[in-house]
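coords.cif (mmCIF, N, CA and C atoms)
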data_protein
loop_
_atom_site.label_atom_id
_atom_site.label_comp_id
_atom_site.auth_asym_id
_atom_site.auth_seq_id
_atom_site.Cartn_x
_atom_site.Cartn_y
_atom_site.Cartn_z
N MET Q 1 -11.39 -1.25 -3.49
CA MET Q 1 -11.06 -1.72 -2.15
C MET Q 1 -9.96 -2.75 -2.26
N ASN Q 2 -8.92 -2.59 -1.44
CA ASN Q 2 -7.81 -3.53 -1.40
C ASN Q 2 -8.02 -4.52 -0.27
N LYS Q 3 -7.55 -5.76 -0.49
CA LYS Q 3 -7.73 -6.81 0.51
C LYS Q 3 -6.45 -7.61 0.66
N ALA Q 4 -6.28 -8.15 1.86
CA ALA Q 4 -5.17 -9.06 2.14
C ALA Q 4 -5.65 -10.06 3.18
N THR Q 5 -4.99 -11.21 3.21
CA THR Q 5 -5.29 -12.22 4.22
C THR Q 5 -3.99 -12.54 4.95
N TRP Q 6 -4.10 -12.56 6.27
CA TRP Q 6 -2.97 -12.95 7.11
C TRP Q 6 -3.52 -13.85 8.20
N LYS Q 7 -2.95 -15.06 8.25
CA LYS Q 7 -3.46 -16.09 9.17
C LYS Q 7 -4.95 -16.25 8.92
N ASN Q 8 -5.78 -16.08 9.96
CA ASN Q 8 -7.22 -16.22 9.78
C ASN Q 8 -7.92 -14.85 9.75
N PHE Q 9 -7.20 -13.81 9.37
CA PHE Q 9 -7.77 -12.48 9.30
C PHE Q 9 -7.79 -11.97 7.87
N GLU Q 10 -8.96 -11.54 7.44
CA GLU Q 10 -9.09 -10.85 6.15
C GLU Q 10 -9.12 -9.36 6.45
N ILE Q 11 -8.22 -8.61 5.84
CA ILE Q 11 -8.10 -7.18 6.07
C ILE Q 11 -8.44 -6.47 4.76
N ALA Q 12 -9.36 -5.52 4.84
CA ALA Q 12 -9.77 -4.77 3.65
C ALA Q 12 -9.71 -3.28 3.97
N ALA Q 13 -9.30 -2.51 2.98
CA ALA Q 13 -9.21 -1.06 3.15
C ALA Q 13 -10.00 -0.37 2.06
N GLU Q 14 -10.78 0.61 2.47
CA GLU Q 14 -11.51 1.44 1.52
C GLU Q 14 -11.04 2.88 1.71
N TYR Q 15 -10.51 3.45 0.64
CA TYR Q 15 -10.03 4.84 0.69
C TYR Q 15 -11.23 5.77 0.71
N LYS Q 16 -11.27 6.64 1.70
CA LYS Q 16 -12.35 7.62 1.83
C LYS Q 16 -11.85 9.02 1.50
N GLY Q 17 -10.69 9.38 2.02
CA GLY Q 17 -10.02 10.63 1.67
C GLY Q 17 -10.73 11.91 2.05
N ASP Q 18 -11.81 11.86 2.80
CA ASP Q 18 -12.58 13.07 3.04
C ASP Q 18 -12.74 13.41 4.52
N LYS Q 19 -11.86 12.88 5.35
CA LYS Q 19 -11.97 13.10 6.78
C LYS Q 19 -10.61 13.47 7.33
N PRO Q 20 -10.49 14.65 7.93
CA PRO Q 20 -9.18 15.02 8.47
C PRO Q 20 -8.80 14.15 9.66
N ALA Q 21 -7.53 13.90 9.81
CA ALA Q 21 -7.04 13.14 10.95
C ALA Q 21 -7.32 13.93 12.22
N PRO Q 22 -7.79 13.27 13.27
CA PRO Q 22 -8.18 13.99 14.48
C PRO Q 22 -7.02 14.65 15.22
N TRP Q 23 -5.81 14.22 14.98
CA TRP Q 23 -4.66 14.79 15.70
C TRP Q 23 -4.07 16.01 15.00
N THR Q 24 -4.52 16.31 13.80
CA THR Q 24 -3.96 17.47 13.10
C THR Q 24 -4.64 18.74 13.56
N ALA Q 25 -3.88 19.77 13.62
CA ALA Q 25 -4.40 21.08 14.02
C ALA Q 25 -4.20 22.05 12.87
N ASN Q 26 -4.22 23.27 13.12
CA ASN Q 26 -4.25 24.33 12.12
C ASN Q 26 -3.19 24.22 11.02
N GLY Q 27 -2.26 23.36 11.14
CA GLY Q 27 -1.23 23.22 10.12
C GLY Q 27 -1.69 22.36 8.95
N ARG Q 28 -0.78 21.64 8.40
CA ARG Q 28 -1.06 20.78 7.25
C ARG Q 28 -1.98 19.63 7.66
N GLN Q 29 -3.03 19.44 6.93
CA GLN Q 29 -4.01 18.40 7.23
C GLN Q 29 -3.67 17.11 6.50
N ASN Q 30 -3.95 15.99 7.12
CA ASN Q 30 -3.85 14.69 6.47
C ASN Q 30 -5.27 14.19 6.24
N TRP Q 31 -5.68 14.17 5.00
CA TRP Q 31 -7.02 13.74 4.62
C TRP Q 31 -7.01 12.34 4.00
N ASN Q 32 -5.94 11.60 4.14
CA ASN Q 32 -5.79 10.29 3.50
C ASN Q 32 -6.43 9.19 4.35
N TYR Q 33 -7.72 9.35 4.53
CA TYR Q 33 -8.51 8.51 5.42
C TYR Q 33 -8.96 7.23 4.74
N HIS Q 34 -8.81 6.11 5.47
CA HIS Q 34 -9.28 4.80 5.03
C HIS Q 34 -10.14 4.20 6.14
N ARG Q 35 -11.10 3.43 5.72
CA ARG Q 35 -11.87 2.62 6.66
C ARG Q 35 -11.38 1.19 6.46
N ILE Q 36 -10.86 0.62 7.53
CA ILE Q 36 -10.32 -0.73 7.50
C ILE Q 36 -11.32 -1.67 8.16
N THR Q 37 -11.57 -2.80 7.53
CA THR Q 37 -12.38 -3.83 8.15
C THR Q 37 -11.53 -5.09 8.28
N VAL Q 38 -11.71 -5.77 9.39
CA VAL Q 38 -10.98 -7.01 9.66
C VAL Q 38 -12.00 -8.06 10.03
N LYS Q 39 -11.89 -9.20 9.35
CA LYS Q 39 -12.79 -10.33 9.62
C LYS Q 39 -11.96 -11.53 10.02
N ASN Q 40 -12.38 -12.17 11.10
CA ASN Q 40 -11.77 -13.42 11.52
C ASN Q 40 -12.52 -14.52 10.77
N THR Q 41 -11.84 -15.21 9.87
CA THR Q 41 -12.50 -16.22 9.04
C THR Q 41 -12.89 -17.47 9.83
N GLU Q 42 -12.31 -17.65 11.01
CA GLU Q 42 -12.64 -18.84 11.82
C GLU Q 42 -13.96 -18.68 12.57
N ASN Q 43 -14.24 -17.46 13.04
CA ASN Q 43 -15.47 -17.27 13.81
C ASN Q 43 -16.47 -16.32 13.14
N GLY Q 44 -16.09 -15.75 12.00
CA GLY Q 44 -16.99 -14.89 11.24
C GLY Q 44 -17.17 -13.49 11.81
N LEU Q 45 -16.50 -13.19 12.94
CA LEU Q 45 -16.65 -11.87 13.54
C LEU Q 45 -15.79 -10.85 12.81
N ARG Q 46 -16.28 -9.62 12.79
CA ARG Q 46 -15.54 -8.56 12.11
C ARG Q 46 -15.60 -7.28 12.93
N THR Q 47 -14.65 -6.42 12.65
CA THR Q 47 -14.61 -5.10 13.26
C THR Q 47 -14.02 -4.12 12.24
N GLY Q 48 -14.07 -2.85 12.58
CA GLY Q 48 -13.52 -1.84 11.70
C GLY Q 48 -12.82 -0.76 12.50
N PHE Q 49 -11.94 -0.05 11.82
CA PHE Q 49 -11.25 1.07 12.45
C PHE Q 49 -10.83 2.07 11.38
N ASP Q 50 -10.60 3.29 11.83
CA ASP Q 50 -10.14 4.35 10.95
C ASP Q 50 -8.63 4.31 10.87
N PHE Q 51 -8.11 4.64 9.69
CA PHE Q 51 -6.66 4.66 9.48
C PHE Q 51 -6.32 5.76 8.50
N TRP Q 52 -5.28 6.52 8.80
CA TRP Q 52 -4.81 7.56 7.88
C TRP Q 52 -3.46 7.15 7.35
N ALA Q 53 -3.35 7.10 6.03
CA ALA Q 53 -2.08 6.80 5.39
C ALA Q 53 -1.22 8.06 5.41
N SER Q 54 0.01 7.92 5.03
CA SER Q 54 0.92 9.07 5.05
C SER Q 54 0.58 10.05 3.93
N ILE Q 55 1.04 11.24 4.08
CA ILE Q 55 0.85 12.26 3.05
C ILE Q 55 1.61 11.86 1.79
N ALA Q 56 2.79 11.27 1.97
CA ALA Q 56 3.61 10.87 0.82
C ALA Q 56 3.00 9.69 0.05
N ARG Q 57 2.36 8.77 0.76
CA ARG Q 57 1.72 7.59 0.14
C ARG Q 57 0.30 7.49 0.64
N PRO Q 58 -0.61 8.22 -0.01
CA PRO Q 58 -1.98 8.34 0.51
C PRO Q 58 -2.85 7.09 0.39
N HIS Q 59 -2.48 6.14 -0.45
CA HIS Q 59 -3.32 4.96 -0.67
C HIS Q 59 -2.66 3.71 -0.12
N LEU Q 60 -3.48 2.83 0.44
CA LEU Q 60 -3.02 1.52 0.88
C LEU Q 60 -3.17 0.59 -0.32
N GLU Q 61 -2.06 0.29 -0.97
CA GLU Q 61 -2.12 -0.43 -2.24
C GLU Q 61 -1.61 -1.85 -2.18
N THR Q 62 -0.76 -2.17 -1.23
CA THR Q 62 -0.12 -3.47 -1.21
C THR Q 62 -0.52 -4.26 0.03
N GLU Q 63 -0.20 -5.55 0.01
CA GLU Q 63 -0.44 -6.38 1.18
C GLU Q 63 0.33 -5.82 2.37
N TYR Q 64 1.55 -5.38 2.13
CA TYR Q 64 2.36 -4.78 3.19
C TYR Q 64 1.63 -3.60 3.83
N ASP Q 65 1.04 -2.73 3.00
CA ASP Q 65 0.31 -1.56 3.52
C ASP Q 65 -0.84 -1.99 4.43
N LEU Q 66 -1.59 -3.00 4.01
CA LEU Q 66 -2.73 -3.47 4.80
C LEU Q 66 -2.28 -4.13 6.10
N LEU Q 67 -1.23 -4.93 6.03
CA LEU Q 67 -0.72 -5.57 7.24
C LEU Q 67 -0.16 -4.54 8.20
N ASN Q 68 0.45 -3.49 7.67
CA ASN Q 68 0.97 -2.43 8.53
C ASN Q 68 -0.18 -1.70 9.23
N ALA Q 69 -1.26 -1.44 8.53
CA ALA Q 69 -2.43 -0.80 9.15
C ALA Q 69 -2.99 -1.70 10.26
N PHE Q 70 -3.07 -3.00 10.00
CA PHE Q 70 -3.56 -3.93 11.02
C PHE Q 70 -2.60 -3.96 12.21
N TYR Q 71 -1.30 -3.95 11.93
CA TYR Q 71 -0.31 -3.90 12.99
C TYR Q 71 -0.51 -2.67 13.88
N CYS Q 72 -0.76 -1.52 13.27
CA CYS Q 72 -0.99 -0.29 14.05
C CYS Q 72 -2.20 -0.45 14.96
N PHE Q 73 -3.26 -1.06 14.44
CA PHE Q 73 -4.47 -1.30 15.23
C PHE Q 73 -4.17 -2.23 16.41
N VAL Q 74 -3.46 -3.32 16.15
CA VAL Q 74 -3.12 -4.28 17.20
C VAL Q 74 -2.22 -3.61 18.25
N SER Q 75 -1.27 -2.83 17.80
CA SER Q 75 -0.38 -2.12 18.72
C SER Q 75 -1.16 -1.15 19.60
N ASP Q 76 -2.09 -0.41 19.01
CA ASP Q 76 -2.94 0.48 19.80
C ASP Q 76 -3.76 -0.33 20.82
N ALA Q 77 -4.26 -1.48 20.39
CA ALA Q 77 -5.05 -2.32 21.30
C ALA Q 77 -4.22 -2.78 22.49
N LEU Q 78 -2.96 -3.10 22.25
CA LEU Q 78 -2.09 -3.49 23.36
C LEU Q 78 -1.89 -2.34 24.33
N SER Q 79 -1.80 -1.12 23.81
CA SER Q 79 -1.65 0.05 24.68
C SER Q 79 -2.88 0.23 25.57
N GLY Q 80 -4.02 -0.22 25.09
CA GLY Q 80 -5.25 -0.13 25.88
C GLY Q 80 -5.30 -1.11 27.03
N LEU Q 81 -4.40 -2.07 27.06
CA LEU Q 81 -4.33 -3.00 28.17
C LEU Q 81 -3.66 -2.38 29.40
N GLU Q 82 -2.92 -1.29 29.17
CA GLU Q 82 -2.23 -0.59 30.26
C GLU Q 82 -3.21 0.14 31.16
N THR Q 83 -2.83 0.37 32.38
CA THR Q 83 -3.57 1.31 33.22
C THR Q 83 -3.34 2.70 32.64
N PHE Q 84 -4.17 3.65 33.01
CA PHE Q 84 -3.97 5.01 32.51
C PHE Q 84 -2.60 5.55 32.92
N GLU Q 85 -2.21 5.30 34.16
CA GLU Q 85 -0.92 5.77 34.65
C GLU Q 85 0.23 5.10 33.88
N GLY Q 86 0.11 3.81 33.63
CA GLY Q 86 1.12 3.10 32.86
C GLY Q 86 1.20 3.58 31.43
N PHE Q 87 0.04 3.85 30.84
CA PHE Q 87 -0.02 4.39 29.48
C PHE Q 87 0.70 5.73 29.41
N CYS Q 88 0.41 6.60 30.36
CA CYS Q 88 1.06 7.92 30.38
C CYS Q 88 2.57 7.80 30.54
N ALA Q 89 3.00 6.91 31.43
CA ALA Q 89 4.44 6.72 31.64
C ALA Q 89 5.11 6.18 30.37
N GLU Q 90 4.43 5.26 29.70
CA GLU Q 90 5.00 4.65 28.48
C GLU Q 90 5.15 5.66 27.35
N PHE Q 91 4.17 6.55 27.20
CA PHE Q 91 4.16 7.45 26.05
C PHE Q 91 4.48 8.90 26.38
N GLY Q 92 4.86 9.17 27.63
CA GLY Q 92 5.29 10.51 28.00
C GLY Q 92 4.18 11.52 28.20
N TYR Q 93 2.98 11.05 28.49
CA TYR Q 93 1.87 11.95 28.76
C TYR Q 93 1.85 12.36 30.23
N ASP Q 94 1.29 13.51 30.50
CA ASP Q 94 0.99 13.95 31.86
C ASP Q 94 -0.32 13.28 32.26
N THR Q 95 -0.40 12.73 33.45
CA THR Q 95 -1.63 12.05 33.89
C THR Q 95 -2.78 13.03 34.12
N ASP Q 96 -2.49 14.32 34.08
CA ASP Q 96 -3.53 15.34 34.23
C ASP Q 96 -3.92 15.92 32.87
N SER Q 97 -3.73 15.15 31.83
CA SER Q 97 -3.96 15.62 30.46
C SER Q 97 -5.25 15.03 29.88
N ARG Q 98 -6.14 15.90 29.44
CA ARG Q 98 -7.37 15.41 28.79
C ARG Q 98 -7.08 14.71 27.47
N PRO Q 99 -6.17 15.26 26.64
CA PRO Q 99 -5.84 14.51 25.41
C PRO Q 99 -5.28 13.12 25.70
N ALA Q 100 -4.49 13.00 26.76
CA ALA Q 100 -3.96 11.68 27.12
C ALA Q 100 -5.09 10.74 27.47
N LYS Q 101 -6.05 11.20 28.23
CA LYS Q 101 -7.19 10.37 28.64
C LYS Q 101 -8.00 9.95 27.41
N ARG Q 102 -8.23 10.88 26.48
CA ARG Q 102 -8.97 10.55 25.25
C ARG Q 102 -8.23 9.50 24.43
N THR Q 103 -6.92 9.66 24.31
CA THR Q 103 -6.11 8.72 23.52
C THR Q 103 -6.11 7.35 24.17
N TRP Q 104 -5.95 7.30 25.48
CA TRP Q 104 -5.98 6.03 26.20
C TRP Q 104 -7.33 5.34 26.04
N LYS Q 105 -8.41 6.11 26.13
CA LYS Q 105 -9.74 5.53 25.96
C LYS Q 105 -9.94 5.00 24.54
N ALA Q 106 -9.39 5.68 23.54
CA ALA Q 106 -9.46 5.19 22.16
C ALA Q 106 -8.71 3.87 22.03
N CYS Q 107 -7.56 3.76 22.70
CA CYS Q 107 -6.80 2.51 22.68
C CYS Q 107 -7.59 1.40 23.37
N LYS Q 108 -8.27 1.72 24.46
CA LYS Q 108 -9.09 0.73 25.16
C LYS Q 108 -10.24 0.24 24.27
N ARG Q 109 -10.82 1.14 23.47
CA ARG Q 109 -11.87 0.71 22.53
C ARG Q 109 -11.28 -0.24 21.49
N SER Q 110 -10.05 0.03 21.05
CA SER Q 110 -9.39 -0.88 20.12
C SER Q 110 -9.16 -2.24 20.76
N THR Q 111 -8.79 -2.24 22.04
CA THR Q 111 -8.60 -3.49 22.77
C THR Q 111 -9.89 -4.31 22.76
N GLU Q 112 -10.98 -3.65 23.08
CA GLU Q 112 -12.28 -4.34 23.12
C GLU Q 112 -12.64 -4.90 21.75
N LYS Q 113 -12.43 -4.12 20.70
CA LYS Q 113 -12.74 -4.58 19.34
C LYS Q 113 -11.89 -5.80 18.97
N LEU Q 114 -10.59 -5.71 19.24
CA LEU Q 114 -9.69 -6.80 18.86
C LEU Q 114 -9.96 -8.06 19.69
N GLU Q 115 -10.16 -7.90 20.99
CA GLU Q 115 -10.45 -9.08 21.82
C GLU Q 115 -11.72 -9.77 21.37
N ARG Q 116 -12.70 -8.99 20.92
CA ARG Q 116 -13.97 -9.57 20.48
C ARG Q 116 -13.79 -10.46 19.26
N ILE Q 117 -12.96 -10.06 18.32
CA ILE Q 117 -12.82 -10.86 17.09
C ILE Q 117 -11.66 -11.84 17.10
N ALA Q 118 -10.73 -11.69 18.03
CA ALA Q 118 -9.47 -12.45 17.98
C ALA Q 118 -9.61 -13.94 18.24
N GLY Q 119 -10.75 -14.37 18.73
CA GLY Q 119 -10.95 -15.80 18.94
C GLY Q 119 -10.04 -16.39 19.99
N GLY Q 120 -9.71 -15.61 21.01
CA GLY Q 120 -8.87 -16.11 22.09
C GLY Q 120 -7.38 -16.04 21.81
N ALA Q 121 -6.99 -15.52 20.66
CA ALA Q 121 -5.56 -15.41 20.35
C ALA Q 121 -4.89 -14.45 21.33
N ASP Q 122 -3.64 -14.72 21.65
CA ASP Q 122 -2.88 -13.83 22.51
C ASP Q 122 -2.53 -12.57 21.72
N LEU Q 123 -2.94 -11.41 22.23
CA LEU Q 123 -2.74 -10.15 21.50
C LEU Q 123 -1.28 -9.80 21.36
N TYR Q 124 -0.47 -10.13 22.35
CA TYR Q 124 0.96 -9.86 22.26
C TYR Q 124 1.60 -10.70 21.16
N ASP Q 125 1.20 -11.97 21.07
CA ASP Q 125 1.71 -12.82 19.99
C ASP Q 125 1.31 -12.28 18.63
N LEU Q 126 0.04 -11.85 18.50
CA LEU Q 126 -0.40 -11.26 17.24
C LEU Q 126 0.48 -10.08 16.85
N CYS Q 127 0.72 -9.20 17.80
CA CYS Q 127 1.51 -8.00 17.53
C CYS Q 127 2.94 -8.38 17.13
N ASN Q 128 3.54 -9.30 17.86
CA ASN Q 128 4.92 -9.71 17.54
C ASN Q 128 5.01 -10.35 16.15
N GLU Q 129 4.06 -11.21 15.83
CA GLU Q 129 4.07 -11.86 14.52
C GLU Q 129 3.84 -10.85 13.40
N LEU Q 130 2.91 -9.93 13.62
CA LEU Q 130 2.66 -8.91 12.61
C LEU Q 130 3.86 -7.99 12.42
N SER Q 131 4.57 -7.71 13.50
CA SER Q 131 5.73 -6.82 13.38
C SER Q 131 6.79 -7.42 12.47
N GLU Q 132 6.82 -8.74 12.36
CA GLU Q 132 7.79 -9.40 11.49
C GLU Q 132 7.40 -9.32 10.02
N VAL Q 133 6.10 -9.17 9.74
CA VAL Q 133 5.68 -9.18 8.33
C VAL Q 133 5.14 -7.85 7.83
N GLY Q 134 4.65 -7.02 8.73
CA GLY Q 134 3.96 -5.83 8.26
C GLY Q 134 4.53 -4.50 8.69
N ALA Q 135 5.33 -4.49 9.70
CA ALA Q 135 5.78 -3.18 10.21
C ALA Q 135 7.21 -2.90 9.81
#
Could I get this structure in the form of structure tokens?
Amino acid sequence: MNKATWKNFEIAAEYKGDKPAPWTANGRQNWNYHRITVKNTENGLRTGFDFWASIARPHLETEYDLLNAFYCFVSDALSGLETFEGFCAEFGYDTDSRPAKRTWKACKRSTEKLERIAGGADLYDLCNELSEVGA
């Protein structure tokens, strides 16, 4: 298991490799599945999320890799703050799309997870700061 610390967040990744990415279809599968856990060291709260690394680099090996995974989670959480209509407009989805609704709901779950552990931190600030170091 790889670990990194950024600000008051401990980020750990465990390579699982045995779960196909939910967005892949009959073509090439991405099985480079990781379970990421994030702990806020100030309040002791933690959460977890699924992350798939690229086919070219299947393992999260460096601090950069872990911060990038956390950045993706925070970015998804920000998307969950949008209304469904705003989300669709931002990402080019049709508002009559079931996959769009599922994706938006997944982002909203990320929002709830991040808000629970963030300790009142501004999510936009977190995302901007992470984009400078991890993305």
Selection result of the PyMOL selection byres (((chain Q and resi 42 and name CA) around 10) and name CA) on this file, as a ChimeraX atom specification | /Q:7-9,39-41,43-45,117-119
Apply the PyMOL selection byres ((chain Q and resi 18) around 8) to the file shown and report the selected residues as a list in words.
-> Tyr15, Lys16, Gly17, Lys19, Pro20, Ala21, Asn30, Trp31, Asn32, Tyr33 and His34 of chain Q
What would the list of residues within 5 Å of (-11.0, 2.0, 25.8) (file frame) look like as a ChimeraX atom specification, if only N, CA and C atoms are what count?
-> /Q:104-109
Report the residues retrieved by the PyMOL selection byres ((chain Q and resi 74) around 8) from the displayed file, expressed as JSON, numbers by chain.
-> {"Q": [68, 69, 70, 71, 72, 73, 75, 76, 77, 78, 79, 80, 110, 111, 114, 123, 124, 126, 127]}
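Between Q:Arg102 and the residues Q:Val38, Q:Ala4, Q:Arg116, Q:Pro22, the shortest atom-to-atom distance, using only C-alpha atoms, involves Q:Pro22.
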Could you please determine the separation between atom CA of Q:Glu112 and atom C of Q:Thr37 in Å, to one decimal place?
->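 Between these atoms lies a distance of 14.9 Å.
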What separates atom CA of Q:Glu63 and atom C of Q:Ala13 is a distance of 11.3 Å
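Put simply, atom CA of Q:Pro58 is 13.0 Å away from atom CA of Q:Arg35.
Each of Q:Ser131, Q:Thr62, Q:Thr83, Q:Thr95 was compared to Q:Asn2 using all atoms listed in the file, and Q:Thr62 turns out to be the nearest.
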Using the chain letters and numbers from this document, which residues of chain Q does DSSP assign to alpha helix (DSSP H), as number ranges by chain?
-> Q: 63-79, 84-91, 98-117, 123-133
Given the choices Q:Ala100, Q:Gly120, Q:Met1, Q:Thr47, which gets closest to Q:His59 if the distance is worked out from only C-alpha atoms?
->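 Looking only at the distances to Q:His59, the closest residue turns out to be Q:Met1.
Minimum distance to Q:Thr5 across Q:Leu81, Q:Val133, Q:Leu67, Q:Ala121 (counting only C-alpha atoms) occurs at Q:Leu67.
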Taking the backbone alone, and naming residues the way the document does, which bits of chain Q are strand (DSSP E or B) by DSSP, as an MDAnalysis selection string?
-> chainID Q and resid 2:6 9:15 33:40 46:52
Can you write just those residues out, N, CA and C atoms, as a compact mmCIF listing (two decimals), in the frame of the given file?
# COMPACT_ATOMS: atom_id res chain seq x y z
N ASN Q 2 -8.92 -2.59 -1.44
CA ASN Q 2 -7.81 -3.53 -1.40
C ASN Q 2 -8.02 -4.52 -0.27
N LYS Q 3 -7.55 -5.76 -0.49
CA LYS Q 3 -7.73 -6.81 0.51
C LYS Q 3 -6.45 -7.61 0.66
N ALA Q 4 -6.28 -8.15 1.86
CA ALA Q 4 -5.17 -9.06 2.14
C ALA Q 4 -5.65 -10.06 3.18
N THR Q 5 -4.99 -11.21 3.21
CA THR Q 5 -5.29 -12.22 4.22
C THR Q 5 -3.99 -12.54 4.95
N TRP Q 6 -4.10 -12.56 6.27
CA TRP Q 6 -2.97 -12.95 7.11
C TRP Q 6 -3.52 -13.85 8.20
N PHE Q 9 -7.20 -13.81 9.37
CA PHE Q 9 -7.77 -12.48 9.30
C PHE Q 9 -7.79 -11.97 7.87
N GLU Q 10 -8.96 -11.54 7.44
CA GLU Q 10 -9.09 -10.85 6.15
C GLU Q 10 -9.12 -9.36 6.45
N ILE Q 11 -8.22 -8.61 5.84
CA ILE Q 11 -8.10 -7.18 6.07
C ILE Q 11 -8.44 -6.47 4.76
N ALA Q 12 -9.36 -5.52 4.84
CA ALA Q 12 -9.77 -4.77 3.65
C ALA Q 12 -9.71 -3.28 3.97
N ALA Q 13 -9.30 -2.51 2.98
CA ALA Q 13 -9.21 -1.06 3.15
C ALA Q 13 -10.00 -0.37 2.06
N GLU Q 14 -10.78 0.61 2.47
CA GLU Q 14 -11.51 1.44 1.52
C GLU Q 14 -11.04 2.88 1.71
N TYR Q 15 -10.51 3.45 0.64
CA TYR Q 15 -10.03 4.84 0.69
C TYR Q 15 -11.23 5.77 0.71
N TYR Q 33 -7.72 9.35 4.53
CA TYR Q 33 -8.51 8.51 5.42
C TYR Q 33 -8.96 7.23 4.74
N HIS Q 34 -8.81 6.11 5.47
CA HIS Q 34 -9.28 4.80 5.03
C HIS Q 34 -10.14 4.20 6.14
N ARG Q 35 -11.10 3.43 5.72
CA ARG Q 35 -11.87 2.62 6.66
C ARG Q 35 -11.38 1.19 6.46
N ILE Q 36 -10.86 0.62 7.53
CA ILE Q 36 -10.32 -0.73 7.50
C ILE Q 36 -11.32 -1.67 8.16
N THR Q 37 -11.57 -2.80 7.53
CA THR Q 37 -12.38 -3.83 8.15
C THR Q 37 -11.53 -5.09 8.28
N VAL Q 38 -11.71 -5.77 9.39
CA VAL Q 38 -10.98 -7.01 9.66
C VAL Q 38 -12.00 -8.06 10.03
N LYS Q 39 -11.89 -9.20 9.35
CA LYS Q 39 -12.79 -10.33 9.62
C LYS Q 39 -11.96 -11.53 10.02
N ASN Q 40 -12.38 -12.17 11.10
CA ASN Q 40 -11.77 -13.42 11.52
C ASN Q 40 -12.52 -14.52 10.77
N ARG Q 46 -16.28 -9.62 12.79
CA ARG Q 46 -15.54 -8.56 12.11
C ARG Q 46 -15.60 -7.28 12.93
N THR Q 47 -14.65 -6.42 12.65
CA THR Q 47 -14.61 -5.10 13.26
C THR Q 47 -14.02 -4.12 12.24
N GLY Q 48 -14.07 -2.85 12.58
CA GLY Q 48 -13.52 -1.84 11.70
C GLY Q 48 -12.82 -0.76 12.50
N PHE Q 49 -11.94 -0.05 11.82
CA PHE Q 49 -11.25 1.07 12.45
C PHE Q 49 -10.83 2.07 11.38
N ASP Q 50 -10.60 3.29 11.83
CA ASP Q 50 -10.14 4.35 10.95
C ASP Q 50 -8.63 4.31 10.87
N PHE Q 51 -8.11 4.64 9.69
CA PHE Q 51 -6.66 4.66 9.48
C PHE Q 51 -6.32 5.76 8.50
N TRP Q 52 -5.28 6.52 8.80
CA TRP Q 52 -4.81 7.56 7.88
C TRP Q 52 -3.46 7.15 7.35
